[in-house]
Amino acid sequence: MSQKIAQVIVDVPTMQTDKPFSYLIPEELADLIQIGMRVHVPFGRGNRLMQGFVVGFGDAKSQATAGQNLKSIAEVLDFDPVLNAEQLMLADAMRETVFSYKISLLKAMLPNLLNSSYDKILTTEDAVIAQQYFGETQALHFSSLDEKEQALMMKFHREGKISVQYVAQSKATIKTKKRLTLADDIKLDELSMTARAKKRLALQSFLQEQHHAGENAWDYTTLVKLFSRDVVKFFVSEGVLSLSEIEVSRAQAYFDTIVSDEHKVLNAEQETAYQAIIDSQEKPFLLEGVTGSGKTEVYLQVIAHAIEQGKTAIMLVPEISLTPLMTNRFIARFGEHVAIMHSGLSDGEKYDEWRKIKSGKAKVVVGARSAIFAPLDNIGAIIIDEEHETSYKQDSNPRYHARDVAIWRAKYHGAALVLGSATPSLETRARAQQNVYQILRLTQRASAQAEIPEVTILDMRKHLNDKSASFSESLLDKISEKIAKREQVVLMLNRRGYSSFIMCRDCGFVPECPNCDISLTLHMDTKTLNCHYCGYTTGIPHTCPNCQSKKIRYYGSGTQKVEEELSELIPDARILRMDVDTTKKKGAHERILSSFGAGEADILLGTQMIAKGLDFPNVTLVGVINADTALNLPDFRASERTFQLLTQVAGRAGRADKKGEVLIQTFNPDHYAIRLAQAHDYEGFYQLEMAFRRKLNYPPYFYTVQLVMSHQDEDEVVKKSYEIMSLLKANLSDQARILGPIPKPIARTHNLYHYQLLIKYRFEDNLAQALNQVLDLTQVSDNKNLRIVIDNEPQNFM
DNA sequence: AGCACGCCGACT
DNA sequence: GTCGGCGTGCTC
């Protein structure tokens, strides 16, 4: 008789184990086991228990397993599959483009709590050891021991003095609360108590009163607090009340305070966009709308339409935009059909939101990147707001881009996909040009009075201020003027590119790489300027190559320093600082914003995070302290990022009836990214930047793949990097360009040296195969300590 | 990853 | 001679 076997992907992320393993299904589990469930299986020589996912079935007669001694599944962890057929197919599809192990992809789709934790339980027959190390207890948990004890126990184990039992435990728990229901109201009235039992009598009359008012169930903890545990227990033991546990969701508090909200009337442009989106799901839409043009209202109505059709929807927003202000709009419109996936939630809360989605209770999922995996059925709409944000690409394994997953899922479900932005990524905008996406435009601000703010560029070379390195006189005067009028100011400090480049203070010249048109990065350790793309290296000049001035400065400045400077220059200004340091604590972000909104400060000083979606009617001045820093990063997207950021922050000024002003301080007043942001000219920027990308063979004209090699020994990693480059060259066509190998901007971390290669290509049939060969290299014993990361379409080069 | 097997140096 | 160091290879 042939027994059924299961194909299991085990929780060991390595190349050699990246395939299904076959396990016998014990008789008693045969009926309940399904594809997509989690199991515990014995793995390896030690038969240690390991979590795995069932991805298929087969039978023991098949060729692959014939004559093998198969092990059996130890335990099934789920009553229902945690992964559905769509997710398993999606994982297969993602493996083609995301160079990651299948187990990592599957785990990325589930809340953390569904990953088992592993431990070993030690027991002993040896009386001496028992007395000395075990004390009162029968068994020890290996993980609770310190390193020395662990080593000692392993020694005892080798000597056969203690036995080891492997355990794997699912961490998922369902939060419950105790509830009391009235079991017998006649008994309640007849309950006999002496007059001395005051508390019992009090509870009796309380219950009678409530019962007459129509109440039949009470929260256990509340009653215990009101009376006492013993009194409540007495009623339970008498059979008057019965105790039960009901499930509660950990993340429901936010529904209490929200006032519900109705559709707003769409203007003509919004209406056209909305109709186009609900009419056809043939291709994705790019919704290009200026700040304040009412993209969100279009999203809300598209989602409402999907729900009316009995479908569901996913709304992705960047992590930093996922504020209560933002999510409340969705809750106000869709009530408790909304699930919020937020990094601020605890693992338990995330698990509860996931279960709410899985059970079908949630129809709309609002969340950051990973919410794209939400296990919704029958999706009618997927929306990605601020589509250009790089945070949609995960920068650790598995390195997937939420936009790509969205495209796949929208196709699978026949759902409408909307990519929205005021400043679309060049990749997306170019696809719209190619008619892969359909472009929809919103050109007017939704509220008629809100005018587009006037943007002034301050040339810092002419506005050098003796009193301050960060502020020009013009900006300081403007700030004082606004404060005097009791209006508010937002100041943005661009912290990207901290201290990593040099610039001439007289002419604004920044040295660039002769091969790559990218600014050189300052390396203080080697006293050189390096190009992070092609590896070009030169010394630090003592005089400016452009104007021969000696005023060469190293650049970089922190918010804290700027805040100190500002409070010295304008002593009576009340300043709120918002950056990574002041927003570390949970809720700090909201606290700062609501305090500023309440007028408790005159100036909000912050980093990039203040550029996103704030809407304060009293803000009439936005100042950008250093527009340049991001421009000088060794990244071909530097101009694009700068343009996007400036456009976004400029949108923060003058959101209501007061006209807004924007002041941008820069040493590169003629740079096109700054000029075109000033003119609010996205299309102009797109055309110009595309020309550069074409000339230099960068995306969207070329695709990119980055390889990062890491090793403890620098000579070794250089040697291996060149070997890998030759391997790639041999396998790819002449059209592919390979840049590098060069050291990463941060060349050594965790005691490892990192080198990178960048492949630019248009059509390479052999690319995947060549990259797999590179991965195979890590399996050769000679390369034991070499780590290789393959990043398809990298977004960041730091 | 993590465990067993196995082949070499420093101790009884 | 043997204990235990960690390099090598495998896990249904």
# chains A, B, ... in the order shown; residues from 1 in each chain; ligands from 1
call {"tool": "interface_residues", "arguments": {"of": "chain A", "to": "chain C", "cutoff": "6 Å", "atoms": "only C-alpha atoms (C1' of nucleotides)", "output": "list in words"}}
result
Phe21, Ser22, Tyr23, Gly44 and Leu70 of chain A
call {"tool": "select_by_dssp", "arguments": {"residues": "range 591-629 of chain A", "states": "helix (DSSP H, G or I)", "output": "CSV table (one decimal) with C-alpha atoms, in the first residue's frame"}}
result
chain,number,residue,atom,x,y,z
A,591,ARG,CA,2.5,64.2,19.6
A,592,ILE,CA,4.9,66.6,17.8
A,593,LEU,CA,2.5,67.2,14.9
A,594,SER,CA,-0.5,67.8,17.0
A,595,SER,CA,1.4,70.2,19.2
A,596,PHE,CA,2.5,72.1,16.2
A,597,GLY,CA,-1.0,72.0,14.8
A,608,GLN,CA,12.4,64.4,5.1
A,609,MET,CA,9.6,63.1,7.3
A,610,ILE,CA,8.0,66.6,7.5
A,611,ALA,CA,7.7,66.6,3.7
A,629,THR,CA,22.9,67.4,-0.1
call {"tool": "closest_atom_pairs", "arguments": {"of": "chain A", "to": "chain B", "cutoff": "8 Å", "atoms": "only C-alpha atoms (C1' of nucleotides)", "output": "JSON lines"}}
result
{"residue": "A:Val12", "atom": "CA", "partner": "B:DA1", "partner_atom": "C1'", "distance": 6.1}
{"residue": "A:Pro13", "atom": "CA", "partner": "B:DA1", "partner_atom": "C1'", "distance": 7.7}
{"residue": "A:Gly44", "atom": "CA", "partner": "B:DC3", "partner_atom": "C1'", "distance": 7.4}
{"residue": "A:Arg45", "atom": "CA", "partner": "B:DC3", "partner_atom": "C1'", "distance": 6.5}
{"residue": "A:Gly46", "atom": "CA", "partner": "B:DC3", "partner_atom": "C1'", "distance": 6.3}
call {"tool": "write_last_selection", "arguments": {"atoms": "C-alpha atoms", "output": "JSON list (two decimals), in the first residue's frame"}}
result
[["chain", "number", "residue", "atom", "x", "y", "z"],
["A", 12, "VAL", "CA", 16.38, 26.61, 6.56],
["A", 13, "PRO", "CA", 17.29, 29.47, 4.22],
["A", 44, "GLY", "CA", 18.74, 16.60, 9.69],
["A", 45, "ARG", "CA", 20.69, 13.93, 11.48],
["A", 46, "GLY", "CA", 19.67, 15.14, 14.87]]
call {"tool": "atom_distance", "arguments": {"atom1": "CA of Leu522 in chain A", "atom2": "CA of Tyr536 in chain A"}}
result
12.2 Å
call {"tool": "select_by_dssp", "arguments": {"residues": "range 174-364 of chain A", "states": "strand (DSSP E)", "output": "short mmCIF file (atom, residue, chain, number, x, y, z; two decimals) with N, CA, C and O atoms, in the first residue's frame"}}
result
data_model
loop_
_atom_site.label_atom_id
_atom_site.label_comp_id
_atom_site.auth_asym_id
_atom_site.auth_seq_id
_atom_site.Cartn_x
_atom_site.Cartn_y
_atom_site.Cartn_z
N THR A 176 -7.82 36.58 24.44
CA THR A 176 -9.21 36.37 24.83
C THR A 176 -9.50 37.21 26.06
O THR A 176 -8.59 37.68 26.73
N LYS A 177 -10.77 37.41 26.31
CA LYS A 177 -11.11 37.96 27.61
C LYS A 177 -12.25 37.14 28.22
O LYS A 177 -13.03 36.51 27.50
N LYS A 178 -12.29 37.15 29.53
CA LYS A 178 -13.30 36.35 30.21
C LYS A 178 -14.60 37.13 30.29
O LYS A 178 -14.61 38.34 30.50
N ARG A 179 -15.66 36.38 30.13
CA ARG A 179 -16.96 37.00 30.08
C ARG A 179 -17.92 36.21 30.94
O ARG A 179 -17.84 34.98 31.03
N LEU A 180 -18.83 36.89 31.58
CA LEU A 180 -19.82 36.22 32.43
C LEU A 180 -21.18 36.43 31.82
O LEU A 180 -21.55 37.56 31.47
N THR A 181 -21.93 35.34 31.67
CA THR A 181 -23.29 35.48 31.17
C THR A 181 -24.25 34.97 32.24
O THR A 181 -23.94 34.04 32.98
N LEU A 182 -25.37 35.59 32.27
CA LEU A 182 -26.39 35.19 33.25
C LEU A 182 -26.95 33.83 32.81
O LEU A 182 -27.53 33.70 31.74
N ALA A 217 -24.88 39.92 29.85
CA ALA A 217 -23.49 39.50 29.88
C ALA A 217 -22.60 40.64 30.37
O ALA A 217 -22.88 41.81 30.11
N TRP A 218 -21.55 40.26 31.11
CA TRP A 218 -20.67 41.28 31.67
C TRP A 218 -19.22 40.87 31.51
O TRP A 218 -18.89 39.67 31.43
N ASP A 219 -18.38 41.85 31.48
CA ASP A 219 -16.95 41.60 31.41
C ASP A 219 -16.44 41.15 32.78
O ASP A 219 -16.71 41.78 33.80
N LEU A 241 -24.11 32.56 37.28
CA LEU A 241 -23.35 33.13 36.17
C LEU A 241 -22.51 32.03 35.54
O LEU A 241 -22.04 31.13 36.25
N SER A 242 -22.33 32.09 34.22
CA SER A 242 -21.39 31.14 33.64
C SER A 242 -20.25 31.90 32.98
O SER A 242 -20.44 32.95 32.37
N LEU A 243 -19.07 31.31 33.14
CA LEU A 243 -17.84 31.96 32.70
C LEU A 243 -17.42 31.39 31.34
O LEU A 243 -17.40 30.19 31.14
N SER A 244 -17.12 32.29 30.41
CA SER A 244 -16.62 31.81 29.11
C SER A 244 -15.54 32.76 28.62
O SER A 244 -15.37 33.85 29.15
N GLU A 245 -14.80 32.31 27.61
CA GLU A 245 -13.76 33.18 27.06
C GLU A 245 -14.16 33.58 25.66
O GLU A 245 -14.56 32.75 24.86
N ILE A 246 -14.09 34.86 25.37
CA ILE A 246 -14.34 35.26 23.99
C ILE A 246 -13.09 35.91 23.44
O ILE A 246 -12.27 36.47 24.17
N GLU A 247 -12.97 35.80 22.12
CA GLU A 247 -11.80 36.31 21.45
C GLU A 247 -11.90 37.83 21.32
O GLU A 247 -12.95 38.35 21.00
N PHE A 285 -3.09 51.99 -13.97
CA PHE A 285 -3.23 53.43 -14.17
C PHE A 285 -2.13 54.17 -13.44
O PHE A 285 -1.75 53.78 -12.34
N LEU A 286 -1.64 55.22 -14.08
CA LEU A 286 -0.77 56.15 -13.37
C LEU A 286 -1.61 57.39 -13.12
O LEU A 286 -2.06 58.04 -14.07
N LEU A 287 -1.86 57.68 -11.85
CA LEU A 287 -2.63 58.87 -11.51
C LEU A 287 -1.64 59.95 -11.11
O LEU A 287 -1.09 59.94 -10.01
N GLU A 288 -1.39 60.88 -12.04
CA GLU A 288 -0.41 61.94 -11.81
C GLU A 288 -1.18 63.18 -11.37
O GLU A 288 -1.86 63.80 -12.18
N GLY A 289 -1.07 63.50 -10.08
CA GLY A 289 -1.85 64.63 -9.58
C GLY A 289 -1.01 65.53 -8.69
O GLY A 289 -0.33 65.05 -7.80
N THR A 312 -12.81 43.42 -2.63
CA THR A 312 -11.98 43.97 -1.56
C THR A 312 -10.91 44.87 -2.17
O THR A 312 -10.80 44.96 -3.39
N ALA A 313 -10.12 45.55 -1.32
CA ALA A 313 -9.13 46.48 -1.84
C ALA A 313 -7.92 46.59 -0.93
O ALA A 313 -8.03 46.42 0.28
N ILE A 314 -6.77 46.87 -1.56
CA ILE A 314 -5.54 47.14 -0.80
C ILE A 314 -5.10 48.56 -1.11
O ILE A 314 -5.10 48.99 -2.26
N MET A 315 -4.74 49.29 -0.06
CA MET A 315 -4.24 50.65 -0.22
C MET A 315 -2.85 50.71 0.40
O MET A 315 -2.70 50.55 1.60
N LEU A 316 -1.84 50.92 -0.42
CA LEU A 316 -0.48 51.03 0.11
C LEU A 316 -0.08 52.48 0.25
O LEU A 316 -0.31 53.29 -0.66
N VAL A 338 -12.05 48.06 7.73
CA VAL A 338 -10.67 48.44 7.47
C VAL A 338 -9.72 47.68 8.40
O VAL A 338 -9.97 47.56 9.59
N ALA A 339 -8.64 47.16 7.84
CA ALA A 339 -7.54 46.63 8.66
C ALA A 339 -6.32 47.48 8.38
O ALA A 339 -6.06 47.84 7.23
N ILE A 340 -5.60 47.83 9.44
CA ILE A 340 -4.42 48.68 9.28
C ILE A 340 -3.18 47.83 9.56
O ILE A 340 -3.07 47.22 10.61
N MET A 341 -2.26 47.79 8.61
CA MET A 341 -1.00 47.06 8.79
C MET A 341 0.11 48.09 8.96
O MET A 341 0.46 48.78 8.01
N VAL A 364 -10.95 46.18 3.38
CA VAL A 364 -9.98 47.17 2.92
C VAL A 364 -8.75 47.08 3.80
O VAL A 364 -8.85 47.15 5.02
#
call {"tool": "atom_distance", "arguments": {"atom1": "CA of Glu349 in chain A", "atom2": "CA of Lys361 in chain A"}}
result
15.5 Å
call {"tool": "atom_distance", "arguments": {"atom1": "CA of Gln488 in chain A", "atom2": "CA of Leu614 in chain A"}}
result
13.0 Å
call {"tool": "residues_around", "arguments": {"residues": "Pro511 in chain A", "least_positions_apart": "5", "cutoff": "8 Å", "atoms": "only C-alpha atoms (C1' of nucleotides)", "output": "list in words"}}
result
Ile502, Met503, Ser519 and Leu520 of chain A
